[in-house]
Amino acid sequence: MKNKFLMSAAATALMVAGVQGLAFAQEKLKIGVVTTLSGPAAVLGQQLRNGLQLAIKDNGGKLGGREVELIVQDDELKPDVAVSKAKALIDRDKVDFVVGPIFSNILVAIMKPVTEGNAFLISPNAGTSNFAGKDCNPNFFVTSYQNDQNHEVMGKYAQDAGFKKVFIMAPNYPAGKDSLAGFKRFYKGELADEVYVPLNQLDYSAELSRIQASGADAVFVFLPGGMGVNFVKQFRQAGLADKVKFLSAFTVDESTLPAQKEAALGFFGGANWAPDLDNPQNKKFVAGYEKEYGGAIPATYAFQAYDAGLLIDGALKATGGKTDNKDALRAALMKAPFTSLRGKFKFNTNHYPIQDFYQVKVVQVGDKFATSIDKKVFTDYADPHAKDCKMK
Amino acid sequence: MSFTLLLIQTLNGLQFGVLLFLIAAGLTLVFGVMDFINLAHGVQYMLGAYLAVMFYAWTGSFVLALILALLAALAFGLLLEFTVFRQLYDRDHLEQVIATFGIIIFLNQGVKVVWGAAPLNLPIPDGLAGVVTLMPGLTYPVWRLVIIASGLIVALILYFLVSQTRVGMLVRAGATHARIVSALGVDIRRLFMIVFGFGTMLAAFAGVMIAPILSVEPGMGDSVLILAFVVIVIGGIGSMRGAFIAALLIGLVDTLGRSFMIDILRLVMPPSPARTVGPAIASMLIYVLMALVLYFRPAGLFPAKGRS
């Protein structure tokens, strides 16, 4: 009884203190998050959310000196669901920023509702070619890459390494075609074959037999998420790993490696970052992420979301925490006033990054697996679509 | 080279077909004998894989994990039968579809809560992880051969059970004349429970066997369920022999189609459109096959006798 009384007294005191605190503080900064948190791709969406949350936590719960209220929405990987949730973020919650999404088809869907709702859309992953080129948008910023670039990295590597015959494969949907087009932009050698598989195919026995029969000296695949987990396992099981070099994009990374494990050891990917990228801010981020999220190693999705948090923080500091003057805020964002985890970072005229790209390789770290920087492939690389963008 | 490729793709098709048979066998039994549409059959396949991963982590032995997973899947299947499905036998098909679809959603979410959304991994047992050289330039993973062999053994056992034993006789009779069997004093509820439990175990067995090849993840049973229905429709509902033939047929048509459709199209059109059209046609092939079978033989290739 006495305890109960004490507790309610303490609670009352806290509430009063809280109310007083609020009266003096600035209004909270509202940030909406649109990400995929259900279905097989949920792992990627969780990385995005975790990365952004960590950025806010590392800044003492604030961005640009303002307390942050994060409103997280699950897009369910369905464009129609994403649109209605993005509209709710704008109309009901009146957010100033929306961070997201993971997938390009969701990005295309939420672009209009968010940017026309006078909020800034910051994509920590999806970066389609249309928004980098002719449909570029002043209220849209990308902290990841343009979708083609990771594939181009692998194409360049395959060309430089002098592979004679490469077997390339991707899912039969727009991003899959863009992927192989990006690879072929830089690889000029012979193609053993170019294969499109149904999206979300799980068993690759038929394709693996074709690879074996084609006599290819390397494969390049774009098989994100569960597709890559299955393909990598089966590729190793078929005994191809010793004979055929494995090049990929979005197929072996920290979101899939917990399931691929040693099956992916020594496989290559193209990326703008890896957990062992050598700079102090990145070391701190990787250690912090592992500590906060049960030992999981962050993937690019988490790091790019962390950078999105830093970008908002830096821009708001430049405007004194104000978001009402959109032109001033846009100019502040454009300067990219933050220290990126990847080191060098600046925005191109189309609001996509100009950055370095690497060939990464899967290595074992203790009892876990991660990608590791193997070789720099592009320096200060801008996407080829920027010339079609009319923004200055 | 082309002949060896054809040979190896035939093996691939056979392996896929055998897997489909393991799933479809339980489905056709439950659908045929109990006239019960169990959409949740696919999640039982998923559950088998998840349970095997869990037991493997505990015991470190694939064989033990397989046995424990089958027993646990059986127990869980019977629990579902007792709590949910039993209430549905006398309802119409639409209600069964809705209720069992609810179970799919519930269990897909359930495994995510228990095991997480990230795909899990079950290693191939030691000694079966390598490849065999069938002929020069033609290697094949041992585990896929193991799947083919185990599927054929299960098919033989099922054939014996259905055609030679008393329970098998009741199952055959139940598939065509459930009311009469019941009127003759057979406890049809108990028969249903045995059939259901057996079907569940077959699906779980398929899940365990494929887990070393595919990643174990929420929703892995959904796509395979559709194929299993295609198999039992082509084979004839309630017919074990039909399910076997249809499963192998689907496995071969799908695999060979995926592998050679582009090459075939290249004979009649330029390579670039062939590459786009090929995969689309290849993934349609099995449904075209189903439509053709339904047109010429509406009851399937091997309709259970007495059923129309």
# chains A, B, ... in the order shown; residues from 1 in each chain; ligands from 1

$ closest_atom_pairs --of "chain A" --to "chain B" --cutoff "8 Å" --atoms "only C-alpha atoms" --output "Markdown table"
| residue | atom | partner | partner_atom | distance |
| --- | --- | --- | --- | --- |
| A:Gly39 | CA | B:Pro218 | CA | 7.3 |
| A:Pro40 | CA | B:Pro218 | CA | 6.5 |
| A:Ala42 | CA | B:Ala117 | CA | 6.4 |
| A:Val43 | CA | B:Ala118 | CA | 5.8 |
| A:Asn172 | CA | B:Pro279 | CA | 7.8 |
| A:Glu194 | CA | B:Arg275 | CA | 7.7 |
| A:Val195 | CA | B:Arg275 | CA | 7.1 |
| A:Tyr196 | CA | B:Pro279 | CA | 6.6 |
| A:Val197 | CA | B:Pro279 | CA | 6.4 |
| A:Pro198 | CA | B:Pro279 | CA | 7.1 |
| A:Leu202 | CA | B:Leu214 | CA | 6.6 |
| A:Asp203 | CA | B:Leu214 | CA | 6.9 |
| A:Ser205 | CA | B:Asn12 | CA | 6.1 |
| A:Ala206 | CA | B:Ser259 | CA | 5.9 |
| A:Glu207 | CA | B:Ser259 | CA | 7.0 |
| A:Ser209 | CA | B:Leu5 | CA | 6.9 |
| A:Arg210 | CA | B:Leu5 | CA | 7.2 |
| A:Ala213 | CA | B:Leu5 | CA | 6.6 |
| A:Gly226 | CA | B:Pro119 | CA | 6.8 |
| A:Val229 | CA | B:Ser215 | CA | 6.3 |
| A:Asn230 | CA | B:Leu214 | CA | 5.1 |
| A:Lys233 | CA | B:Ile213 | CA | 6.7 |
| A:Gln234 | CA | B:Ile213 | CA | 6.2 |
| A:Gln237 | CA | B:Pro141 | CA | 6.2 |
| A:Ala238 | CA | B:Pro141 | CA | 5.3 |
| A:Gly239 | CA | B:Val131 | CA | 6.4 |
| A:Ser255 | CA | B:Ala118 | CA | 7.9 |
| A:Thr256 | CA | B:Pro119 | CA | 7.6 |
| A:Pro258 | CA | B:Leu120 | CA | 7.7 |
| A:Ala259 | CA | B:Leu120 | CA | 5.2 |
| A:Gln260 | CA | B:Asn121 | CA | 7.3 |

$ residues_around --residues "segment 145-152 of chain A" --least-positions-apart "4" --cutoff "10 Å" --atoms "only C-alpha atoms" --output "PyMOL selection string"
chain A and resi 104+123-132+156-158+175+178-187+220-222+247-250+269-272+304+352-355+357-359+377-378+381-386
